[in-house]
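Asks: Got my_file04.pdb for you, PDB, C-alpha atoms:
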```pdb
MODEL        1
ATOM      1  CA  MET A   1       2.736 -96.182 -71.426  1.00  0.00           C
ATOM      2  CA  ASP A   2       3.870 -99.347 -69.651  1.00  0.00           C
ATOM      3  CA  MET A   3       0.984-101.140 -67.879  1.00  0.00           C
ATOM      4  CA  ARG A   4       2.921-101.118 -64.605  1.00  0.00           C
ATOM      5  CA  CYS A   5       3.217 -97.342 -64.816  1.00  0.00           C
ATOM      6  CA  ILE A   6      -0.525 -97.032 -65.421  1.00  0.00           C
ATOM      7  CA  VAL A   7      -1.314 -99.249 -62.429  1.00  0.00           C
ATOM      8  CA  SER A   8       1.145 -97.349 -60.232  1.00  0.00           C
ATOM      9  CA  PHE A   9      -0.403 -94.037 -61.276  1.00  0.00           C
ATOM     10  CA  TRP A  10      -3.920 -95.122 -60.303  1.00  0.00           C
ATOM     11  CA  VAL A  11      -2.723 -96.605 -57.016  1.00  0.00           C
ATOM     12  CA  VAL A  12      -1.266 -93.224 -56.110  1.00  0.00           C
ATOM     13  CA  VAL A  13      -4.504 -91.486 -57.100  1.00  0.00           C
ATOM     14  CA  VAL A  14      -6.667 -93.848 -55.041  1.00  0.00           C
ATOM     15  CA  LEU A  15      -4.407 -93.547 -52.012  1.00  0.00           C
ATOM     16  CA  ALA A  16      -4.459 -89.772 -52.286  1.00  0.00           C
ATOM     17  CA  LEU A  17      -8.256 -89.803 -52.313  1.00  0.00           C
ATOM     18  CA  CYS A  18      -8.779 -92.373 -49.575  1.00  0.00           C
ATOM     19  CA  ILE A  19      -6.079 -91.637 -47.025  1.00  0.00           C
ATOM     20  CA  PRO A  20      -6.355 -88.390 -45.052  1.00  0.00           C
ATOM     21  CA  GLY A  21      -3.493 -86.171 -46.102  1.00  0.00           C
ATOM     22  CA  ALA A  22      -1.096 -84.517 -43.703  1.00  0.00           C
ATOM     23  CA  ALA A  23      -2.503 -81.129 -44.642  1.00  0.00           C
ATOM     24  CA  ARG A  24      -6.088 -82.107 -43.770  1.00  0.00           C
ATOM     25  CA  GLY A  25      -6.794 -80.641 -40.326  1.00  0.00           C
ATOM     26  CA  GLN A  26      -3.922 -78.191 -40.611  1.00  0.00           C
ATOM     27  CA  ALA A  27      -4.565 -74.461 -40.790  1.00  0.00           C
ATOM     28  CA  ASP A  28      -4.488 -72.675 -44.129  1.00  0.00           C
ATOM     29  CA  PRO A  29      -1.142 -70.822 -44.224  1.00  0.00           C
ATOM     30  CA  TYR A  30      -2.796 -67.449 -44.924  1.00  0.00           C
ATOM     31  CA  TRP A  31      -5.219 -67.941 -42.040  1.00  0.00           C
ATOM     32  CA  LEU A  32      -2.391 -69.125 -39.793  1.00  0.00           C
ATOM     33  CA  LYS A  33      -0.401 -65.990 -40.557  1.00  0.00           C
ATOM     34  CA  SER A  34      -3.364 -63.839 -39.503  1.00  0.00           C
ATOM     35  CA  TRP A  35      -3.825 -65.974 -36.389  1.00  0.00           C
ATOM     36  CA  ASN A  36      -0.180 -65.659 -35.352  1.00  0.00           C
ATOM     37  CA  ASN A  37      -0.355 -61.896 -35.816  1.00  0.00           C
ATOM     38  CA  ALA A  38      -3.588 -61.799 -33.796  1.00  0.00           C
ATOM     39  CA  LEU A  39      -1.814 -63.549 -30.926  1.00  0.00           C
ATOM     40  CA  LYS A  40       0.569 -60.607 -30.647  1.00  0.00           C
ATOM     41  CA  SER A  41      -2.299 -58.342 -29.582  1.00  0.00           C
ATOM     42  CA  ARG A  42      -3.946 -60.827 -27.225  1.00  0.00           C
ATOM     43  CA  PRO A  43      -4.453 -59.194 -23.812  1.00  0.00           C
ATOM     44  CA  ASP A  44      -2.544 -60.650 -20.884  1.00  0.00           C
ATOM     45  CA  THR A  45      -5.742 -60.779 -18.839  1.00  0.00           C
ATOM     46  CA  LEU A  46      -9.039 -61.934 -20.345  1.00  0.00           C
ATOM     47  CA  ALA A  47     -12.548 -61.439 -18.965  1.00  0.00           C
ATOM     48  CA  SER A  48     -15.736 -63.261 -19.879  1.00  0.00           C
ATOM     49  CA  ILE A  49     -16.981 -60.136 -21.686  1.00  0.00           C
ATOM     50  CA  GLY A  50     -14.916 -58.858 -24.595  1.00  0.00           C
ATOM     51  CA  ARG A  51     -15.242 -56.452 -27.470  1.00  0.00           C
ATOM     52  CA  ILE A  52     -14.693 -57.112 -31.168  1.00  0.00           C
ATOM     53  CA  ALA A  53     -15.596 -53.737 -32.690  1.00  0.00           C
ATOM     54  CA  ALA A  54     -14.985 -50.434 -30.949  1.00  0.00           C
ATOM     55  CA  ALA A  55     -18.008 -48.632 -29.556  1.00  0.00           C
ATOM     56  CA  ASP A  56     -17.862 -46.062 -32.373  1.00  0.00           C
ATOM     57  CA  GLU A  57     -17.553 -48.640 -35.206  1.00  0.00           C
ATOM     58  CA  PRO A  58     -20.234 -48.038 -37.892  1.00  0.00           C
ATOM     59  CA  GLY A  59     -22.960 -50.660 -38.005  1.00  0.00           C
ATOM     60  CA  ILE A  60     -25.847 -52.221 -36.129  1.00  0.00           C
ATOM     61  CA  PRO A  61     -24.901 -52.927 -32.488  1.00  0.00           C
ATOM     62  CA  LEU A  62     -24.620 -56.669 -31.844  1.00  0.00           C
ATOM     63  CA  GLU A  63     -24.157 -58.643 -28.635  1.00  0.00           C
ATOM     64  CA  ILE A  64     -23.074 -62.284 -28.772  1.00  0.00           C
ATOM     65  CA  HIS A  65     -24.017 -64.428 -25.780  1.00  0.00           C
ATOM     66  CA  GLY A  66     -22.097 -67.684 -25.904  1.00  0.00           C
ATOM     67  CA  ARG A  67     -21.757 -70.762 -23.757  1.00  0.00           C
ATOM     68  CA  VAL A  68     -19.156 -73.497 -24.192  1.00  0.00           C
ATOM     69  CA  PHE A  69     -19.622 -77.127 -23.154  1.00  0.00           C
ATOM     70  CA  LEU A  70     -17.296 -80.088 -22.896  1.00  0.00           C
ATOM     71  CA  PRO A  71     -17.592 -82.826 -25.568  1.00  0.00           C
ATOM     72  CA  ASP A  72     -20.348 -84.542 -23.577  1.00  0.00           C
ATOM     73  CA  GLY A  73     -22.588 -81.585 -24.485  1.00  0.00           C
ATOM     74  CA  GLY A  74     -23.840 -81.083 -20.932  1.00  0.00           C
ATOM     75  CA  THR A  75     -20.902 -79.979 -18.784  1.00  0.00           C
ATOM     76  CA  PRO A  76     -20.069 -76.252 -18.931  1.00  0.00           C
ATOM     77  CA  ALA A  77     -16.445 -75.565 -19.889  1.00  0.00           C
ATOM     78  CA  GLY A  78     -14.891 -72.810 -17.810  1.00  0.00           C
ATOM     79  CA  GLY A  79     -11.567 -71.135 -18.521  1.00  0.00           C
ATOM     80  CA  ILE A  80     -11.768 -71.576 -22.305  1.00  0.00           C
ATOM     81  CA  VAL A  81     -10.135 -68.817 -24.351  1.00  0.00           C
ATOM     82  CA  VAL A  82     -12.444 -67.556 -27.095  1.00  0.00           C
ATOM     83  CA  HIS A  83     -11.215 -65.606 -30.128  1.00  0.00           C
ATOM     84  CA  ALA A  84     -13.714 -64.107 -32.573  1.00  0.00           C
ATOM     85  CA  TYR A  85     -13.476 -62.016 -35.725  1.00  0.00           C
ATOM     86  CA  HIS A  86     -15.750 -60.864 -38.529  1.00  0.00           C
ATOM     87  CA  ARG A  87     -16.060 -58.469 -41.448  1.00  0.00           C
ATOM     88  CA  ASP A  88     -16.954 -54.832 -40.981  1.00  0.00           C
ATOM     89  CA  TRP A  89     -19.978 -52.854 -42.222  1.00  0.00           C
ATOM     90  CA  ASP A  90     -18.402 -52.702 -45.690  1.00  0.00           C
ATOM     91  CA  GLY A  91     -17.820 -56.453 -45.860  1.00  0.00           C
ATOM     92  CA  LEU A  92     -14.040 -56.189 -45.436  1.00  0.00           C
ATOM     93  CA  ASP A  93     -11.715 -58.227 -43.203  1.00  0.00           C
ATOM     94  CA  PHE A  94      -8.384 -56.464 -43.469  1.00  0.00           C
ATOM     95  CA  GLY A  95      -9.095 -52.743 -43.674  1.00  0.00           C
ATOM     96  CA  PRO A  96      -9.539 -50.528 -46.772  1.00  0.00           C
ATOM     97  CA  GLY A  97      -9.291 -52.614 -49.925  1.00  0.00           C
ATOM     98  CA  ASP A  98      -9.009 -55.714 -47.735  1.00  0.00           C
ATOM     99  CA  SER A  99      -5.231 -55.501 -48.003  1.00  0.00           C
ATOM    100  CA  THR A 100      -3.828 -52.955 -45.556  1.00  0.00           C
ATOM    101  CA  LEU A 101      -3.543 -55.162 -42.446  1.00  0.00           C
ATOM    102  CA  ASP A 102      -1.799 -58.455 -41.661  1.00  0.00           C
ATOM    103  CA  THR A 103      -4.583 -59.692 -39.365  1.00  0.00           C
ATOM    104  CA  TRP A 104      -8.323 -59.183 -38.988  1.00  0.00           C
ATOM    105  CA  ARG A 105      -9.332 -55.597 -38.253  1.00  0.00           C
ATOM    106  CA  LEU A 106     -12.337 -56.500 -36.088  1.00  0.00           C
ATOM    107  CA  GLN A 107     -11.419 -59.195 -33.596  1.00  0.00           C
ATOM    108  CA  GLY A 108     -11.648 -59.823 -29.887  1.00  0.00           C
ATOM    109  CA  TRP A 109     -10.785 -62.154 -27.028  1.00  0.00           C
ATOM    110  CA  ALA A 110     -12.633 -63.498 -23.998  1.00  0.00           C
ATOM    111  CA  ARG A 111     -12.381 -66.338 -21.480  1.00  0.00           C
ATOM    112  CA  THR A 112     -15.391 -68.362 -20.391  1.00  0.00           C
ATOM    113  CA  ASP A 113     -16.498 -68.045 -16.778  1.00  0.00           C
ATOM    114  CA  SER A 114     -17.049 -71.023 -14.458  1.00  0.00           C
ATOM    115  CA  ASP A 115     -20.428 -71.633 -16.121  1.00  0.00           C
ATOM    116  CA  GLY A 116     -18.883 -71.693 -19.617  1.00  0.00           C
ATOM    117  CA  ARG A 117     -20.341 -68.316 -20.581  1.00  0.00           C
ATOM    118  CA  PHE A 118     -18.801 -65.486 -22.601  1.00  0.00           C
ATOM    119  CA  GLU A 119     -20.019 -62.350 -24.362  1.00  0.00           C
ATOM    120  CA  PHE A 120     -18.810 -60.108 -27.146  1.00  0.00           C
ATOM    121  CA  ARG A 121     -19.942 -56.560 -27.914  1.00  0.00           C
ATOM    122  CA  THR A 122     -19.563 -55.618 -31.553  1.00  0.00           C
ATOM    123  CA  VAL A 123     -21.518 -54.644 -34.684  1.00  0.00           C
ATOM    124  CA  ARG A 124     -23.325 -56.896 -37.101  1.00  0.00           C
ATOM    125  CA  PRO A 125     -20.973 -57.826 -39.952  1.00  0.00           C
ATOM    126  CA  ALA A 126     -21.915 -57.314 -43.576  1.00  0.00           C
ATOM    127  CA  PRO A 127     -21.765 -60.043 -46.225  1.00  0.00           C
ATOM    128  CA  ASP A 128     -18.557 -60.351 -48.206  1.00  0.00           C
ATOM    129  CA  HIS A 129     -18.096 -57.152 -50.238  1.00  0.00           C
ATOM    130  CA  LEU A 130     -17.965 -59.213 -53.449  1.00  0.00           C
ATOM    131  CA  GLY A 131     -21.230 -60.978 -52.639  1.00  0.00           C
ATOM    132  CA  ARG A 132     -19.621 -64.408 -52.347  1.00  0.00           C
ATOM    133  CA  GLU A 133     -21.131 -65.430 -49.004  1.00  0.00           C
ATOM    134  CA  GLY A 134     -23.449 -64.267 -46.243  1.00  0.00           C
ATOM    135  CA  ALA A 135     -22.459 -62.302 -43.166  1.00  0.00           C
ATOM    136  CA  HIS A 136     -20.788 -64.499 -40.587  1.00  0.00           C
ATOM    137  CA  ILE A 137     -18.595 -64.655 -37.482  1.00  0.00           C
ATOM    138  CA  HIS A 138     -15.585 -66.908 -36.877  1.00  0.00           C
ATOM    139  CA  PHE A 139     -14.653 -68.367 -33.490  1.00  0.00           C
ATOM    140  CA  THR A 140     -11.557 -70.231 -32.346  1.00  0.00           C
ATOM    141  CA  LEU A 141     -11.291 -71.842 -28.906  1.00  0.00           C
ATOM    142  CA  GLU A 142      -8.252 -72.665 -26.817  1.00  0.00           C
ATOM    143  CA  SER A 143      -8.440 -75.308 -24.096  1.00  0.00           C
ATOM    144  CA  SER A 144      -5.549 -76.457 -21.940  1.00  0.00           C
ATOM    145  CA  ASP A 145      -6.845 -80.031 -22.211  1.00  0.00           C
ATOM    146  CA  LEU A 146      -8.416 -80.140 -25.694  1.00  0.00           C
ATOM    147  CA  GLY A 147      -6.165 -77.847 -27.699  1.00  0.00           C
ATOM    148  CA  ARG A 148      -7.116 -75.176 -30.231  1.00  0.00           C
ATOM    149  CA  GLN A 149     -10.355 -75.753 -32.062  1.00  0.00           C
ATOM    150  CA  TRP A 150     -12.347 -74.138 -34.820  1.00  0.00           C
ATOM    151  CA  VAL A 151     -16.049 -73.567 -34.235  1.00  0.00           C
ATOM    152  CA  PRO A 152     -18.538 -73.868 -37.117  1.00  0.00           C
ATOM    153  CA  THR A 153     -18.902 -70.444 -38.741  1.00  0.00           C
ATOM    154  CA  VAL A 154     -21.887 -68.590 -37.314  1.00  0.00           C
ATOM    155  CA  TYR A 155     -24.413 -67.167 -39.808  1.00  0.00           C
ATOM    156  CA  PHE A 156     -27.581 -65.072 -39.493  1.00  0.00           C
ATOM    157  CA  SER A 157     -30.864 -66.825 -40.236  1.00  0.00           C
ATOM    158  CA  ASP A 158     -32.358 -63.758 -41.964  1.00  0.00           C
ATOM    159  CA  ASP A 159     -29.502 -63.515 -44.467  1.00  0.00           C
ATOM    160  CA  PRO A 160     -30.660 -64.702 -47.924  1.00  0.00           C
ATOM    161  CA  LEU A 161     -27.064 -65.485 -48.916  1.00  0.00           C
ATOM    162  CA  VAL A 162     -26.858 -68.381 -46.433  1.00  0.00           C
ATOM    163  CA  SER A 163     -27.180 -71.574 -48.458  1.00  0.00           C
ATOM    164  CA  GLN A 164     -29.724 -74.308 -47.836  1.00  0.00           C
ATOM    165  CA  ARG A 165     -26.878 -76.747 -47.272  1.00  0.00           C
ATOM    166  CA  ILE A 166     -25.506 -74.670 -44.395  1.00  0.00           C
ATOM    167  CA  ARG A 167     -28.981 -74.211 -42.915  1.00  0.00           C
ATOM    168  CA  GLN A 168     -29.701 -77.936 -43.025  1.00  0.00           C
ATOM    169  CA  ALA A 169     -26.365 -78.822 -41.414  1.00  0.00           C
ATOM    170  CA  SER A 170     -27.047 -76.314 -38.643  1.00  0.00           C
ATOM    171  CA  THR A 171     -30.515 -77.762 -38.059  1.00  0.00           C
ATOM    172  CA  ARG A 172     -29.052 -81.260 -37.721  1.00  0.00           C
ATOM    173  CA  ALA A 173     -26.758 -79.965 -34.963  1.00  0.00           C
ATOM    174  CA  GLY A 174     -29.805 -79.103 -32.851  1.00  0.00           C
ATOM    175  CA  GLU A 175     -29.072 -76.796 -29.923  1.00  0.00           C
ATOM    176  CA  PHE A 176     -25.468 -76.480 -31.098  1.00  0.00           C
ATOM    177  CA  GLY A 177     -26.467 -75.141 -34.513  1.00  0.00           C
ATOM    178  CA  TRP A 178     -24.728 -72.151 -36.051  1.00  0.00           C
ATOM    179  CA  VAL A 179     -27.351 -70.424 -38.217  1.00  0.00           C
ATOM    180  CA  LEU A 180     -28.831 -68.158 -35.574  1.00  0.00           C
ATOM    181  CA  GLN A 181     -31.695 -65.708 -35.289  1.00  0.00           C
ATOM    182  CA  ALA A 182     -30.713 -62.180 -34.286  1.00  0.00           C
ATOM    183  CA  VAL A 183     -33.191 -60.832 -31.731  1.00  0.00           C
ATOM    184  CA  GLU A 184     -33.755 -57.089 -31.330  1.00  0.00           C
ATOM    185  CA  ARG A 185     -33.531 -55.952 -27.712  1.00  0.00           C
ATOM    186  CA  ASP A 186     -32.476 -52.758 -25.930  1.00  0.00           C
ATOM    187  CA  GLY A 187     -31.268 -51.028 -29.075  1.00  0.00           C
ATOM    188  CA  ALA A 188     -29.090 -53.910 -30.265  1.00  0.00           C
ATOM    189  CA  GLN A 189     -29.295 -57.271 -31.970  1.00  0.00           C
ATOM    190  CA  HIS A 190     -28.515 -60.335 -29.849  1.00  0.00           C
ATOM    191  CA  LEU A 191     -27.245 -63.790 -30.795  1.00  0.00           C
ATOM    192  CA  ASP A 192     -27.349 -66.782 -28.441  1.00  0.00           C
ATOM    193  CA  LEU A 193     -24.720 -69.391 -29.266  1.00  0.00           C
ATOM    194  CA  LYS A 194     -23.961 -72.784 -27.742  1.00  0.00           C
ATOM    195  CA  ILE A 195     -20.667 -74.490 -28.587  1.00  0.00           C
ATOM    196  CA  ARG A 196     -19.637 -78.080 -27.895  1.00  0.00           C
ATOM    197  CA  LEU A 197     -15.917 -78.753 -27.730  1.00  0.00           C
ATOM    198  CA  LYS A 198     -14.494 -81.607 -29.768  1.00  0.00           C
ATOM    199  CA  GLU A 199     -12.465 -84.453 -28.323  1.00  0.00           C
ATOM    200  CA  LYS A 200      -9.203 -83.051 -29.699  1.00  0.00           C
ATOM    201  CA  GLY A 201      -7.779 -79.895 -31.216  1.00  0.00           C
ATOM    202  CA  ASP A 202      -7.743 -78.925 -34.876  1.00  0.00           C
ATOM    203  CA  PHE A 203      -4.349 -77.242 -35.206  1.00  0.00           C
TER     204      PHE A 203
ENDMDL
END
```
Translate the structure described by the file into structure tokens.
Replies:
Amino acid sequence: MDMRCIVSFWVVVVLALCIPGAARGQADPYWLKSWNNALKSRPDTLASIGRIAAADEPGIPLEIHGRVFLPDGGTPAGGIVVHAYHRDWDGLDFGPGDSTLDTWRLQGWARTDSDGRFEFRTVRPAPDHLGREGAHIHFTLESSDLGRQWVPTVYFSDDPLVSQRIRQASTRAGEFGWVLQAVERDGAQHLDLKIRLKEKGDF
């Protein structure tokens, strides 16, 4: 191979590794398809308390108590749209066989109140049905000023499938960590979550 070709090849490789690609920060196309289909069922009016799983959904009752802050970490962010979804008691996202639906089966919407607070009523998700990762909950935020943003995936501290790497990263985030302890109270488990918005949107 000509030396110029070799040099050109390695220049391309280095640039590809060092320069953020256009796709970095963009949504995965399969996720984006589910998101766009989820938007079709978004209620016209949103309250600060929403529901992810129906009241008769099998599983351990779970209540999520969240509060969203502006990027400064101290100012409550009111009027933020919160979308959440998670697996069901069988560890499935998209219905029987994980293939019958075009968006997440258990999902919900809320809007933060003037103090940045929101709640979701649901059931505790199970780990992935193939045992690939621990039980978790996904959140996406929409802000008129700061765009659409992904929140770090929320895990349960008592789940042995949560890796040490994830636990350590959560600990470094301090009060905005995402590996959370579920507390038993009034016949349900409760999670308390604090979210800090980023300076700009993700997608």
Asks: Would you compute the distance between atom CA of A:Lys33 and atom CA of A:Trp150? Give it in Å to one decimal.
Replies: 15.6 Å
Asks: Could you give me, as a PyMOL selection string, the residues that sit within 10 Å of (-18.6, -57.2, -43.5) in the file's coordinates, counting only C-alpha atoms?
Replies: chain A and resi 59+86-93+106+123-129+134-137
Asks: Please, what distance in Å, to one decimal, runs between atom CA of A:Asp145 and atom CA of A:Arg196?
Replies: 14.1 Å
Asks: Check the smallest atom-to-atom distance from each of A:Gly79, A:Gly116, A:Pro29, A:Gly108 to A:Gly66 using only C-alpha atoms, then report the winner.
Replies: A:Gly116
Asks: Can you work out which one of A:Leu70, A:Val183, A:Leu161, A:Val82 has the shortest atom-to-atom distance to A:Lys198, counting only C-alpha atoms?
Replies: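 Between A:Leu70, A:Val183, A:Leu161, A:Val82, the residue approaching A:Lys198 most closely is A:Leu70.
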Asks: For a test of reading the model, state the distance in Å between atom CA of A:Ser99 and atom CA of A:Trp31, rounded to one decimal.
Replies: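 Separation of atom CA of A:Ser99 and atom CA of A:Trp31: 13.8 Å.
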Asks: Just the residues within 7 Å of stretch 44-46 of chain A, please, counting all atoms listed in the file, with nothing from its chain fewer than 5 positions along; format it as an MDAnalysis selection string.
Replies: chainID A and resid 109:111
Asks: Tell me which residues the PyMOL selection byres ((chain A and resi 37-40) around 9) grabs here, as a PyMOL selection string.
Replies: chain A and resi 32-36+41-43+102-104+107
Asks: If you count only C-alpha atoms, which residues fall within 8 Å of A:Ala188, apart from same-chain ones fewer than 4 positions away, as a list in words?
Replies: Ile60, Pro61, Leu62, Glu63 and Glu184 of chain A
Asks: Which protein, DNA or RNA residues have an atom at most 12 Å from (-21.3, -78.9, -17.1), counting all atoms listed in the file? List them as a list in words.
Replies: Arg67, Val68, Phe69, Leu70, Pro71, Asp72, Gly73, Gly74, Thr75, Pro76, Ala77, Gly78, Asp113, Ser114, Asp115, Gly116, Arg117, Arg196 and Leu197 of chain A
Asks: Could you put an axis-aligned box around every listed atom of stretch 113-125 of chain A, padded by 4 Å on each side, and send me its centre and edge lengths in Å to one decimal, as JSON?
Replies:
```
{"center_x": -19.9, "center_y": -63.2, "center_z": -27.2, "size_x": 14.8, "size_y": 25.0, "size_z": 33.5}
```
Asks: Which residues fall under the PyMOL selection byres ((chain A and resi 177) around 10) in this file, as a PyMOL selection string?
Replies: chain A and resi 152-155+166-176+178-180+193-196
Asks: Ranking A:Ile64, A:Leu101, A:Val151, A:Leu130 by minimum distance to A:Ser48 and counting only C-alpha atoms, which one comes first?
Replies: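 Looking only at the distances to A:Ser48, the closest residue turns out to be A:Ile64.
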Asks: Go through A:Glu133, A:Glu119, A:Asp158, A:Glu142 one by one, measure the shortest atom-to-atom distance of each to A:Asp192 using all atoms listed in the file, and give the residue with the smallest value.
Replies: A:Glu119
Asks: Would you mind writing stretch 130-141 of chain A with N, CA and C atoms, as a compact mmCIF listing (two decimals), keeping the file's coordinate frame?
Replies:
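Okay, this is what ended up in rebuild-v8.txt:
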```
# COMPACT_ATOMS: atom_id res chain seq x y z
N LEU A 130 -17.82 -58.75 -52.07
CA LEU A 130 -17.96 -59.21 -53.45
C LEU A 130 -19.22 -60.08 -53.62
N GLY A 131 -20.00 -60.21 -52.56
CA GLY A 131 -21.23 -60.98 -52.64
C GLY A 131 -21.04 -62.48 -52.70
N ARG A 132 -19.90 -62.98 -52.24
CA ARG A 132 -19.62 -64.41 -52.35
C ARG A 132 -20.28 -65.25 -51.26
N GLU A 133 -20.53 -64.66 -50.09
CA GLU A 133 -21.13 -65.43 -49.00
C GLU A 133 -21.80 -64.48 -48.02
N GLY A 134 -22.70 -65.06 -47.20
CA GLY A 134 -23.45 -64.27 -46.24
C GLY A 134 -22.59 -63.76 -45.10
N ALA A 135 -23.15 -62.83 -44.35
CA ALA A 135 -22.46 -62.30 -43.17
C ALA A 135 -22.23 -63.43 -42.16
N HIS A 136 -21.09 -63.42 -41.53
CA HIS A 136 -20.79 -64.50 -40.59
C HIS A 136 -19.72 -64.07 -39.58
N ILE A 137 -19.56 -64.91 -38.56
CA ILE A 137 -18.60 -64.66 -37.48
C ILE A 137 -17.79 -65.93 -37.26
N HIS A 138 -16.47 -65.78 -37.12
CA HIS A 138 -15.58 -66.91 -36.88
C HIS A 138 -15.17 -66.95 -35.41
N PHE A 139 -15.10 -68.17 -34.87
CA PHE A 139 -14.65 -68.37 -33.49
C PHE A 139 -13.57 -69.44 -33.46
N THR A 140 -12.57 -69.23 -32.62
CA THR A 140 -11.56 -70.23 -32.35
C THR A 140 -11.44 -70.36 -30.83
N LEU A 141 -11.38 -71.59 -30.34
CA LEU A 141 -11.29 -71.84 -28.91
C LEU A 141 -9.93 -72.41 -28.56
```
